[in-house]
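Working notes, beginning with the structure itself.
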2 protein chains.
Amino acid sequence: MNDTVKYVLDEGRIPKVWYNIAADLPKPVPPVLHPGTRQPIGPDDLAPLFPMELILQEVSTEREIQIPEPVRDVYRQWRPSPLYRARRLEKALQTPARIYYKYEGVSPAGSHKPNTAVAQAFYNKQAGVKRLITETGAGQWGSSLAFAGGVFGLEVLIFMVRVSYDQKPYRRALMETYGARCIASPSTETHSGREILAKRPDHPGSLGIAISEAVEVAAQRDDTKYALGSVLNHVLLHQTVIGQEAIAQFEMANDYPDVIVSCTGGGSNFAGIAFPFLGQQLRGGKKVRVVAVEPAACPSLTRGRYAYDFGDTAHLTPLTKMHTLGSTFTPPGFHAGGLRYHGMAPMVSHLQELGLISATAYHQLACFEAGVTFARAEGIVPAPEANHAVKGAIVEALKCKEEGVSRSILFNLSGHGHFDMQAYIDYFDGKLKDINYDEKELAMALAGLPSVAEPA
Amino acid sequence: MNDTVKYVLDEGRIPKVWYNIAADLPKPVPPVLHPGTRQPIGPDDLAPLFPMELILQEVSTEREIQIPEPVRDVYRQWRPSPLYRARRLEKALQTPARIYYKYEGVSPAGSHKPNTAVAQAFYNKQAGVKRLITETGAGQWGSSLAFAGGVFGLEVLIFMVRVSYDQKPYRRALMETYGARCIASPSTETHSGREILAKRPDHPGSLGIAISEAVEVAAQRDDTKYALGSVLNHVLLHQTVIGQEAIAQFEMANDYPDVIVSCTGGGSNFAGIAFPFLGQQLRGGKKVRVVAVEPAACPSLTRGRYAYDFGDTAHLTPLTKMHTLGSTFTPPGFHAGGLRYHGMAPMVSHLQELGLISATAYHQLACFEAGVTFARAEGIVPAPEANHAVKGAIVEALKCKEEGVSRSILFNLSGHGHFDMQAYIDYFDGKLKDINYDEKELAMALAGLPSVAEPA
């Protein structure tokens, strides 16, 4: 067999629908609650923040939701994304495993995020919105929304967590090249930002704070809406193009994954690759083991509590039931900024409760080591977030070697690390350390969870 | 018509041969001369530096040279590369022109350079070579050879021009991630390096110096060879996969380029896109206007002399007839490091003398402005080198608008700018300036050209 095995679909095979796993669940996901009344919210409650089409997708239980042609048209720039068999990595590991990876770094912004950014920009444009506000950590989401805003002619304003704003000027430059405006958060432009800066003028920021700022600004003007890059149902939905394409590519390969591995921050790239396969299983198809890999320094699925919590620090968002470390928990500053979020997508949390997926956590040194092994074999340098998926896949491949069995392993290489080379330099220089969260802080954040029961 | 128009060839359409324009020339390119005897060199003279297969390609006049299957196999990872119709750019410019770009940034190292790096690594491996030595400016070539060395299990040592070594740590990190060793040049590891450092300990380096160092080290050990990323015939040859694919993609588009635009440093990406089209013209096919775009701060084709000169500063290389600014000319430190070379590929120079191509030069501010226009429309951030091609294409497109005619413009987007975001930051901050070379220095360098006549 050749060293390079790439499964390419022609552009007619870009999925025509998004797959909604809500249609196939044995039990529905718990309802979203209003932050004031603590009663289930309706579509109108979300209308100040999102266009109605996205709100309807958020609550839909239809299995298939049509992808508008203008969205498929933009997807066409980089989709269908390739599925690779990692032959050179298999050789390097001397494993009998068959390792496959779906590569989402081929998008203009370099990650899976444009899959939803383009859809969100389209629906907002269609609803007459002029301006989108969002937040970003490491900048993968912000740069993707900046790209999508440029395509559809929307102004984009991004609150970027200050520590990343200062440490990652290149992602910021990418957003500005696309024409977006980028503000360090906490900022003086919002009530929530000013309140935090009054207490601590050098606050490094967090995703929870940046969400509070973005939501506050978005709610102020009728021509302005909010956009979120993960966690919500409609965001996960848009990512399912990944897994649907992978199913078709595995047919080409005449194979099927025994195990699917993906990293989880908010849960969207994980959902994108895993949900279409889980849907087949739920409808009576082949069973597949699905492993979520999270950072040991921010382990919502493996150490969080499954409870109702806020999505942001200022408690402006609705309450959702999810695995959470508590909305006041500040994750330590490890390099996979895209995974530094206190909560997990409610839908992903629900699947873990149903026993359909499992989760594991690794520290960053082991993930960078895996990433360098992968880069030397396959030539692609993964983003620090994606290194968690690489690590998970290598662990599975080495298990195959130990057991002397050949399993088929699929992982999602959600993005490249071209804007993260400082992290690799730090790794090579021995400056990168494993970071633990503060156990006391976690205990306090969990103790501070709102006491809200799931409505009967 | 849709906004995104992408022409994709299936992997069976990766060219099976490289196209050698020497076969179709009305007059052969002037011979390469020995630096000592100043007589035409033979294959044996080059044997200390290159494996025989590459030397034979260097002097071949066969029209088609078979691409070895193991090389095509590695190409398969990212080839055939896409050809895009830049519909969103056309709209932004309000031009009737049909703008197409071939995108070579899809390779693992992010530029066209792996097309030849993979081939060179393969032939060296086949010849029993253990170690490859090269030089790099901005790092696109170095990272590509590091990638290819990794694939074929060769050790790679890279002399990187010191100013880039210090200013572009991320490209260096990429080379190290691939497992290569990277040394700032001038270094203390070579005679030529030590000599220069003795005169000026803080010397910023140049490509000419780095070549001297690499050639010196390569000649010392039998298991070690030298590799060059541009200029030489065999390097240009390997790049012709680009234009061959583009010809097939234009057939899909039912169109043909009226004008082809590409940036030139050493000339390899230009040759890659243009030679196969020029070959068709030379064999009686449709005429195409071909424009080489070079940096105004290092304008070998537009301001250099067509004369025999050395490829390096220490005069260790053979003499080739080319457009040169003089091997002692140090180009000023503008951002497109890959275009900072005193000479032009002898084959490209020869074509200009034959009137088959024309050249134009732009300063960097105009090129960055063009690059940002392109990025906002198309979502891809070009490398500073490629911005010269973008600028040239936009100039042609605006001419169409003025004249009210729709011409078909093809340009080569030779690489992405993910590792060059500091240049964009400087551009946005107003810190980027147009830089002129020193007229006196150029005059001196030209006056210092060796007086060598072309053998009769």
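Quick note on naming: the chains in the structure tokens go A, B, ... in the order shown, residues restart at 1 in each chain, and ligands are numbered from 1 in order of appearance.
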When DSSP is applied to the backbone of this structure, which of region 339-427 of chain A are assigned alpha helix (DSSP H)? Write them out as a PyMOL selection string.
chain A and resi 346-353+364-378+384-403+421-427
Might you pull out every residue within 6 Å of region 248-260 of chain A, with only C-alpha atoms counted and same-chain residues fewer than 2 positions away left off, and present them as an MDAnalysis selection string?
chainID A and resid 7 245:246 288:290 408:411
Let's have the selection written as a PDB file, in the first residue's frame, with N, CA and C atoms.
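As written to disk, part_10.pdb reads:
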ATOM      1  N   TYR A   7      -8.613  10.141   1.148  1.00  0.00           N
ATOM      2  CA  TYR A   7      -9.945   9.906   0.609  1.00  0.00           C
ATOM      3  C   TYR A   7     -10.591  11.252   0.328  1.00  0.00           C
ATOM      4  N   GLU A 245     -19.314  13.602   6.104  1.00  0.00           N
ATOM      5  CA  GLU A 245     -18.314  13.355   5.063  1.00  0.00           C
ATOM      6  C   GLU A 245     -17.455  12.151   5.422  1.00  0.00           C
ATOM      7  N   ALA A 246     -17.092  12.041   6.712  1.00  0.00           N
ATOM      8  CA  ALA A 246     -16.233  10.929   7.139  1.00  0.00           C
ATOM      9  C   ALA A 246     -16.924   9.585   6.894  1.00  0.00           C
ATOM     10  N   VAL A 288     -19.993   2.153  17.872  1.00  0.00           N
ATOM     11  CA  VAL A 288     -18.664   2.732  17.817  1.00  0.00           C
ATOM     12  C   VAL A 288     -18.330   3.316  19.190  1.00  0.00           C
ATOM     13  N   ARG A 289     -17.096   3.074  19.627  1.00  0.00           N
ATOM     14  CA  ARG A 289     -16.667   3.640  20.914  1.00  0.00           C
ATOM     15  C   ARG A 289     -16.211   5.067  20.659  1.00  0.00           C
ATOM     16  N   VAL A 290     -16.710   6.015  21.447  1.00  0.00           N
ATOM     17  CA  VAL A 290     -16.390   7.426  21.223  1.00  0.00           C
ATOM     18  C   VAL A 290     -15.710   7.986  22.467  1.00  0.00           C
ATOM     19  N   SER A 408      -9.597   0.045  13.906  1.00  0.00           N
ATOM     20  CA  SER A 408      -9.691   1.238  13.072  1.00  0.00           C
ATOM     21  C   SER A 408      -9.977   2.436  13.979  1.00  0.00           C
ATOM     22  N   ILE A 409      -9.035   3.404  13.963  1.00  0.00           N
ATOM     23  CA  ILE A 409      -9.133   4.570  14.849  1.00  0.00           C
ATOM     24  C   ILE A 409      -9.331   5.812  13.995  1.00  0.00           C
ATOM     25  N   LEU A 410     -10.355   6.562  14.287  1.00  0.00           N
ATOM     26  CA  LEU A 410     -10.599   7.828  13.568  1.00  0.00           C
ATOM     27  C   LEU A 410     -10.449   8.970  14.555  1.00  0.00           C
ATOM     28  N   PHE A 411      -9.612   9.977  14.191  1.00  0.00           N
ATOM     29  CA  PHE A 411      -9.635  11.179  15.033  1.00  0.00           C
ATOM     30  C   PHE A 411      -9.805  12.424  14.182  1.00  0.00           C
TER      31      PHE A 411
END
For chain B against chain A, which residues fall within 7 Å using only C-alpha atoms, given as an NGL selection string?
:B and (2-4 or 6 or 73-74 or 76-77 or 108 or 147 or 150-151 or 170 or 173 or 177-179 or 372 or 375-377 or 379-380 or 418-419 or 421-422 or 424-425)
Leaving out Pro201 (chain A) and any residue of its chain fewer than 3 positions from it, which residues lie within 12 Å of it when counting only C-alpha atoms, given as number ranges by chain?
A: 162, 185-188, 193-198, 204-205
Using only N, CA, C and O atoms, please write the residues we just selected to a file, as a PDB file, in the first residue's frame.
ATOM      1  N   ARG A 162      -7.905  38.777  27.427  1.00  0.00           N
ATOM      2  CA  ARG A 162      -6.718  39.631  27.404  1.00  0.00           C
ATOM      3  C   ARG A 162      -5.399  38.864  27.354  1.00  0.00           C
ATOM      4  O   ARG A 162      -4.497  39.220  26.593  1.00  0.00           O
ATOM      5  N   SER A 185     -10.412  41.767  26.411  1.00  0.00           N
ATOM      6  CA  SER A 185     -11.433  41.634  27.452  1.00  0.00           C
ATOM      7  C   SER A 185     -10.791  41.133  28.746  1.00  0.00           C
ATOM      8  O   SER A 185     -10.003  40.195  28.693  1.00  0.00           O
ATOM      9  N   PRO A 186     -11.125  41.690  29.924  1.00  0.00           N
ATOM     10  CA  PRO A 186     -12.153  42.702  30.183  1.00  0.00           C
ATOM     11  C   PRO A 186     -11.778  44.075  29.615  1.00  0.00           C
ATOM     12  O   PRO A 186     -10.612  44.463  29.652  1.00  0.00           O
ATOM     13  N   SER A 187     -12.817  44.764  29.121  1.00  0.00           N
ATOM     14  CA  SER A 187     -12.612  46.066  28.493  1.00  0.00           C
ATOM     15  C   SER A 187     -13.406  47.136  29.240  1.00  0.00           C
ATOM     16  O   SER A 187     -14.247  46.825  30.090  1.00  0.00           O
ATOM     17  N   THR A 188     -13.146  48.376  28.867  1.00  0.00           N
ATOM     18  CA  THR A 188     -13.925  49.461  29.475  1.00  0.00           C
ATOM     19  C   THR A 188     -15.185  49.751  28.657  1.00  0.00           C
ATOM     20  O   THR A 188     -15.934  50.664  28.978  1.00  0.00           O
ATOM     21  N   GLY A 193     -17.335  44.487  31.976  1.00  0.00           N
ATOM     22  CA  GLY A 193     -15.886  44.666  31.876  1.00  0.00           C
ATOM     23  C   GLY A 193     -15.379  45.690  32.885  1.00  0.00           C
ATOM     24  O   GLY A 193     -14.411  45.444  33.605  1.00  0.00           O
ATOM     25  N   ARG A 194     -16.073  46.835  32.958  1.00  0.00           N
ATOM     26  CA  ARG A 194     -15.639  47.903  33.875  1.00  0.00           C
ATOM     27  C   ARG A 194     -15.688  47.436  35.327  1.00  0.00           C
ATOM     28  O   ARG A 194     -14.809  47.744  36.131  1.00  0.00           O
ATOM     29  N   GLU A 195     -16.722  46.649  35.664  1.00  0.00           N
ATOM     30  CA  GLU A 195     -16.853  46.152  37.034  1.00  0.00           C
ATOM     31  C   GLU A 195     -15.661  45.265  37.413  1.00  0.00           C
ATOM     32  O   GLU A 195     -15.122  45.366  38.514  1.00  0.00           O
ATOM     33  N   ILE A 196     -15.266  44.427  36.494  1.00  0.00           N
ATOM     34  CA  ILE A 196     -14.133  43.532  36.774  1.00  0.00           C
ATOM     35  C   ILE A 196     -12.827  44.310  36.841  1.00  0.00           C
ATOM     36  O   ILE A 196     -11.993  44.084  37.727  1.00  0.00           O
ATOM     37  N   LEU A 197     -12.644  45.268  35.935  1.00  0.00           N
ATOM     38  CA  LEU A 197     -11.411  46.072  35.939  1.00  0.00           C
ATOM     39  C   LEU A 197     -11.310  46.952  37.188  1.00  0.00           C
ATOM     40  O   LEU A 197     -10.212  47.233  37.676  1.00  0.00           O
ATOM     41  N   ALA A 198     -12.464  47.374  37.722  1.00  0.00           N
ATOM     42  CA  ALA A 198     -12.453  48.193  38.941  1.00  0.00           C
ATOM     43  C   ALA A 198     -11.861  47.396  40.096  1.00  0.00           C
ATOM     44  O   ALA A 198     -11.109  47.911  40.924  1.00  0.00           O
ATOM     45  N   PRO A 204      -6.492  39.120  33.766  1.00  0.00           N
ATOM     46  CA  PRO A 204      -6.087  38.472  32.516  1.00  0.00           C
ATOM     47  C   PRO A 204      -7.267  38.060  31.628  1.00  0.00           C
ATOM     48  O   PRO A 204      -7.068  37.662  30.484  1.00  0.00           O
ATOM     49  N   GLY A 205      -8.488  38.142  32.176  1.00  0.00           N
ATOM     50  CA  GLY A 205      -9.656  37.768  31.377  1.00  0.00           C
ATOM     51  C   GLY A 205      -9.922  36.278  31.379  1.00  0.00           C
ATOM     52  O   GLY A 205      -9.109  35.478  31.845  1.00  0.00           O
TER      53      GLY A 205
END
Using Å and a single decimal, report how far CA of Ala292 (chain A) sits from CA of Ala361 (chain A).
8.3 Å
Pairwise distance for CA of Leu413 (chain A) and CA of Gly139 (chain A), rounded to one decimal in Å:
17.1 Å
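Residue neighbourhood of Arg98 (chain B), excluding near-sequence residues (fewer than 5 positions): Arg85, Ala86, Arg87, Glu90, Ala397, Ser406, Arg407, Ser408 and Ile409 of chain B, at 8 Å, using only C-alpha atoms.
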Quick check for you: according to DSSP on this backbone, which residues of region 195-380 of chain A are classed as strand (DSSP E)? Reply as a ChimeraX atom specification.
/A:224-226,259-263,289-295,305-310,319-324,358-362
Dump as a compact mmCIF listing (two decimals), in the first residue's frame, selection limited to N, CA, C and O atoms:
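So result31.txt came out as:
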# COMPACT_ATOMS: atom_id res chain seq x y z
N THR A 224 -27.76 44.40 15.80
CA THR A 224 -26.59 43.67 16.28
C THR A 224 -27.01 42.38 16.96
O THR A 224 -27.97 42.38 17.75
N LYS A 225 -26.33 41.29 16.63
CA LYS A 225 -26.63 40.03 17.31
C LYS A 225 -25.33 39.43 17.86
O LYS A 225 -24.23 39.90 17.56
N TYR A 226 -25.53 38.37 18.64
CA TYR A 226 -24.43 37.68 19.28
C TYR A 226 -24.17 36.38 18.52
O TYR A 226 -25.08 35.80 17.92
N VAL A 259 -13.19 3.05 16.92
CA VAL A 259 -13.16 4.06 17.97
C VAL A 259 -12.95 5.43 17.32
O VAL A 259 -12.21 5.57 16.34
N ILE A 260 -13.66 6.44 17.86
CA ILE A 260 -13.54 7.82 17.39
C ILE A 260 -13.01 8.66 18.54
O ILE A 260 -13.52 8.58 19.66
N VAL A 261 -11.97 9.44 18.26
CA VAL A 261 -11.32 10.25 19.29
C VAL A 261 -11.37 11.71 18.86
O VAL A 261 -11.10 12.04 17.71
N SER A 262 -11.72 12.59 19.79
CA SER A 262 -11.72 14.01 19.46
C SER A 262 -11.50 14.81 20.73
O SER A 262 -11.83 14.36 21.83
N CYS A 263 -10.93 16.02 20.58
CA CYS A 263 -10.72 16.85 21.76
C CYS A 263 -12.01 17.62 22.06
O CYS A 263 -12.81 17.88 21.18
N ARG A 289 -17.10 3.07 19.63
CA ARG A 289 -16.67 3.64 20.91
C ARG A 289 -16.21 5.07 20.66
O ARG A 289 -15.43 5.31 19.74
N VAL A 290 -16.71 6.02 21.45
CA VAL A 290 -16.39 7.43 21.22
C VAL A 290 -15.71 7.99 22.47
O VAL A 290 -16.25 7.89 23.57
N VAL A 291 -14.51 8.56 22.27
CA VAL A 291 -13.72 9.06 23.40
C VAL A 291 -13.51 10.56 23.26
O VAL A 291 -12.92 11.03 22.29
N ALA A 292 -13.96 11.31 24.24
CA ALA A 292 -13.69 12.75 24.31
C ALA A 292 -12.40 12.95 25.09
O ALA A 292 -12.25 12.41 26.18
N VAL A 293 -11.48 13.72 24.53
CA VAL A 293 -10.21 13.98 25.22
C VAL A 293 -10.19 15.44 25.66
O VAL A 293 -10.30 16.35 24.84
N GLU A 294 -10.03 15.65 26.97
CA GLU A 294 -10.02 17.03 27.45
C GLU A 294 -8.72 17.32 28.18
O GLU A 294 -7.97 16.43 28.54
N PRO A 295 -8.42 18.61 28.38
CA PRO A 295 -7.19 18.97 29.08
C PRO A 295 -7.33 18.69 30.57
O PRO A 295 -8.36 19.02 31.16
N ARG A 305 -19.21 18.79 37.61
CA ARG A 305 -20.48 18.26 38.10
C ARG A 305 -21.53 18.43 37.00
O ARG A 305 -21.52 19.41 36.28
N TYR A 306 -22.44 17.45 36.87
CA TYR A 306 -23.51 17.57 35.89
C TYR A 306 -24.64 18.33 36.55
O TYR A 306 -25.38 17.77 37.37
N ALA A 307 -24.75 19.62 36.25
CA ALA A 307 -25.69 20.48 36.98
C ALA A 307 -26.06 21.68 36.12
O ALA A 307 -25.39 21.99 35.15
N TYR A 308 -27.12 22.37 36.51
CA TYR A 308 -27.46 23.62 35.83
C TYR A 308 -26.44 24.69 36.19
O TYR A 308 -26.08 24.85 37.36
N ASP A 309 -25.98 25.42 35.17
CA ASP A 309 -25.01 26.50 35.44
C ASP A 309 -25.12 27.55 34.34
O ASP A 309 -25.72 27.31 33.28
N PHE A 310 -24.53 28.68 34.61
CA PHE A 310 -24.48 29.77 33.63
C PHE A 310 -23.32 29.54 32.65
O PHE A 310 -22.31 28.94 33.00
N LEU A 319 -29.54 29.35 31.85
CA LEU A 319 -28.93 28.23 32.58
C LEU A 319 -29.09 26.96 31.75
O LEU A 319 -30.18 26.67 31.25
N THR A 320 -28.01 26.20 31.64
CA THR A 320 -28.11 24.93 30.93
C THR A 320 -27.54 23.82 31.81
O THR A 320 -26.63 24.07 32.62
N LYS A 321 -28.09 22.62 31.64
CA LYS A 321 -27.56 21.49 32.40
C LYS A 321 -26.37 20.91 31.65
O LYS A 321 -26.50 20.52 30.48
N MET A 322 -25.24 20.90 32.31
CA MET A 322 -24.00 20.48 31.63
C MET A 322 -22.97 20.06 32.67
O MET A 322 -23.11 20.33 33.85
N HIS A 323 -21.92 19.39 32.20
CA HIS A 323 -20.78 19.14 33.07
C HIS A 323 -20.03 20.45 33.20
O HIS A 323 -19.59 21.03 32.21
N THR A 324 -19.92 20.91 34.45
CA THR A 324 -19.33 22.24 34.66
C THR A 324 -18.37 22.22 35.84
O THR A 324 -18.56 21.46 36.80
N SER A 358 -17.42 8.26 26.29
CA SER A 358 -16.62 8.31 27.50
C SER A 358 -15.61 9.44 27.36
O SER A 358 -15.41 9.98 26.27
N ALA A 359 -14.98 9.81 28.47
CA ALA A 359 -14.05 10.94 28.44
C ALA A 359 -12.77 10.59 29.17
O ALA A 359 -12.75 9.76 30.07
N THR A 360 -11.68 11.22 28.74
CA THR A 360 -10.39 11.04 29.38
C THR A 360 -9.65 12.38 29.33
O THR A 360 -10.00 13.24 28.52
N ALA A 361 -8.67 12.58 30.20
CA ALA A 361 -7.98 13.87 30.26
C ALA A 361 -6.47 13.67 30.24
O ALA A 361 -5.96 12.74 30.85
N TYR A 362 -5.75 14.55 29.52
CA TYR A 362 -4.29 14.50 29.49
C TYR A 362 -3.71 15.89 29.77
O TYR A 362 -4.31 16.91 29.41
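Restricting the calculation to only C-alpha atoms, the smallest distance between His34 (chain A) and any of A:His315, A:Leu157, A:Phe329, A:Glu353 is found for A:His315.
In this structure, CA of Lys16 (chain A) sits 11.1 Å away from CA of Thr240 (chain A).
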Ala23 (chain A): which residues within 7 Å, counting only C-alpha atoms, same-chain residues fewer than 4 positions away excluded, as a VMD selection string?
chain A and resid 61 to 63
Using only C-alpha atoms, which of the listed residues (A:Ala127, A:Leu449, A:Ile394, A:Leu93) sits closest to Ser327 (chain A)?
A:Leu449
Can you pull out the residues contacting Pro28 (chain B)? Cut-off 10 Å, using only C-alpha atoms, and skip same-chain residues under 6 positions away; I want them as a list of chain:residue names.
B:Ala22, B:Thr61, B:Met347, B:His350
Smallest atom-to-atom distance to Gly355 (chain A): which of A:Leu278, A:His112, A:Asn387, A:Leu33, using only C-alpha atoms?
A:Leu278
